Amino acid sequence: MKIEIWSDFVCPFCYIGKRRLEMALEQFPEKDQVEIAYRSYELDPNASKNNKLNIHEALAKKYGMSIEQAKEANENIGEQAAEIGLTYKFDSMIPTNTFDAHRLAKFAAEKSFGAAMTERLLKAYFTDSKKISDLNTLADLAEEIGLNREETIEMLNGSKYSDAVRDDEDEAKQIGITGVPFFVLNQKYAISGAQPVEAFVNALNMVWEEEQGKTPLKMINPNKAKSEYCTDEGCFVSED
């Protein structure tokens with residue numbers, strides 16, 4: 001089974017959804033047969049790298065709410081995160097552009113570090129209060145998980161993997177993704193949002209059973225012709 005996950009590194013429900021899926025996979029007997037592929041999605045492609053607003057102010061401005069309402073909303077999300085072992089430090093988060101972070105994730109995936117890089121970028125933003133648009137910060141994070149820092153810096157200073165990020169975003173538009181996280185299983189089934197763990201478990205089992213199931217063949221003999229065939233018991237002629 002292949003699960004493709006469209007997400008953004010500054011999306012609070014993307015981190016929650018990722019962890020809930022991982023918890024569901026721990027309950028899934030065929031988890032070793034599951035391949036995870038992370039796909040790029042920017043909640044705000046035009047976001048500045050140097051946002052002068054904190055996360056509460058940015059949320060209040062975007063949705064036309066008060067700062068207190070924004071803080072309350074963020075607190076509620078933080079409580080959901082805490083229930084599954086994640087720590088969200090909203091007061092010190094640094095809202096920023098995520099395009100280069102997505103390029104870094106593509107670079108890491110090509111070197112078989114995709115899952116580790118995705119996890120590290122999410123933790124860097126939500127827990128460690130890192131500015132994940134800063135190239136030196138990104139290089140530090142890459143080095144932490146085992147990538148070569150100099151090679152990472154060279155990649156980030158160029159435009160490599162830009163097309164790969166844009167391709168993911170274009171595909172998201174084509175299949176109708178308007179919000180993240182968004183999970184696509186075997187390119188046939190979709191799960192939208194950070195569903196409860198139980199919902200992921202049920203979806204995994206359902207898809208596995210449907211994909212592994214074999215539909216009985218329907219015999220075709222439109223003219224009711226004689227059928228000549230052999231088995232291990234001999235050869236026969238059937239009238240219908």
# chains A, B, ... in the order shown; residues from 1 in each chain; ligands from 1
call {"tool": "residues_around", "arguments": {"residues": "segment 104-108 of chain A", "least_positions_apart": "2", "cutoff": "8 Å", "atoms": "only C-alpha atoms", "output": "list in words"}}
result
Asp100, Ala101, His102, Glu110, Lys111, Ser112, Phe113, Gly114, Met117, Thr118, Leu138, Ala142, Leu147, Thr152, Leu156, Tyr161, Ala164 and Val165 of chain A
call {"tool": "atom_distance", "arguments": {"atom1": "atom CA of Pro196 of chain A", "atom2": "atom CA of Lys31 of chain A"}}
result
17.8 Å
call {"tool": "closest_atom_pairs", "arguments": {"of": "segment 70-159 of chain A", "to": "segment 39-56 of chain A", "cutoff": "10 Å", "atoms": "only C-alpha atoms", "output": "tab-separated table"}}
result
residue	atom	partner	partner_atom	distance
A:Ala70	CA	A:His56	CA	5.4
A:Lys71	CA	A:His56	CA	5.8
A:Glu72	CA	A:His56	CA	9.3
A:Ala73	CA	A:His56	CA	9.1
A:Asn74	CA	A:His56	CA	7.7
A:Phe90	CA	A:Ile55	CA	6.6
A:Asp91	CA	A:Ile55	CA	7.2
A:Ser92	CA	A:Asn54	CA	7.7
A:Met93	CA	A:Ile55	CA	6.4
A:Ile94	CA	A:Asn54	CA	6.6
A:Pro95	CA	A:Ile55	CA	6.0
A:Thr96	CA	A:Lys49	CA	4.7
A:Asn97	CA	A:Lys49	CA	4.9
A:Thr98	CA	A:Glu42	CA	6.8
A:Phe99	CA	A:Glu42	CA	7.2
A:Ala101	CA	A:Ser40	CA	9.6
A:His102	CA	A:Ser40	CA	6.1
A:Arg103	CA	A:Ser40	CA	8.7
A:Ala105	CA	A:Ser40	CA	8.7
A:Lys106	CA	A:Arg39	CA	8.7
A:Lys131	CA	A:Lys49	CA	8.6
A:Ile132	CA	A:Lys49	CA	8.8
A:Ser133	CA	A:Lys49	CA	6.0
A:Asp134	CA	A:Lys49	CA	7.9
call {"tool": "write_last_selection", "arguments": {"atoms": "C-alpha atoms", "output": "short mmCIF file (atom, residue, chain, number, x, y, z; two decimals), in the first residue's frame"}}
result
data_model
loop_
_atom_site.label_atom_id
_atom_site.label_comp_id
_atom_site.auth_asym_id
_atom_site.auth_seq_id
_atom_site.Cartn_x
_atom_site.Cartn_y
_atom_site.Cartn_z
CA ALA A 70 -6.53 33.61 17.93
CA LYS A 71 -4.73 32.65 21.13
CA GLU A 72 -7.71 30.59 22.24
CA ALA A 73 -7.86 28.79 18.88
CA ASN A 74 -4.16 28.04 19.02
CA PHE A 90 2.75 28.98 19.65
CA ASP A 91 4.13 31.97 21.54
CA SER A 92 7.56 31.56 19.97
CA MET A 93 6.72 30.11 16.53
CA ILE A 94 8.12 32.04 13.58
CA PRO A 95 5.63 32.28 10.68
CA THR A 96 7.50 32.19 7.38
CA ASN A 97 7.64 30.92 3.81
CA THR A 98 8.06 27.15 3.42
CA PHE A 99 9.14 26.77 -0.21
CA ALA A 101 11.82 23.70 3.33
CA HIS A 102 9.84 21.72 0.77
CA ARG A 103 12.83 21.72 -1.59
CA ALA A 105 12.46 17.62 1.91
CA LYS A 106 12.66 16.59 -1.75
CA LYS A 131 12.86 29.89 11.27
CA ILE A 132 12.50 27.22 8.62
CA SER A 133 13.03 29.59 5.70
CA ASP A 134 16.57 30.45 6.82
#
call {"tool": "atom_distance", "arguments": {"atom1": "atom CA of Ser129 of chain A", "atom2": "atom CA of Tyr88 of chain A"}}
result
9.2 Å
call {"tool": "select_by_dssp", "arguments": {"residues": "segment 7-136 of chain A", "states": "alpha helix (DSSP H)", "output": "JSON, numbers by chain"}}
result
{"A": [12, 13, 14, 15, 16, 17, 18, 19, 20, 21, 22, 23, 24, 25, 26, 55, 56, 57, 58, 59, 60, 61, 62, 63, 67, 68, 69, 70, 71, 72, 73, 74, 75, 76, 77, 78, 79, 80, 81, 82, 83, 99, 100, 101, 102, 103, 104, 105, 106, 107, 108, 109, 110, 114, 115, 116, 117, 118, 119, 120, 121, 122, 123, 124, 125, 126, 135, 136]}
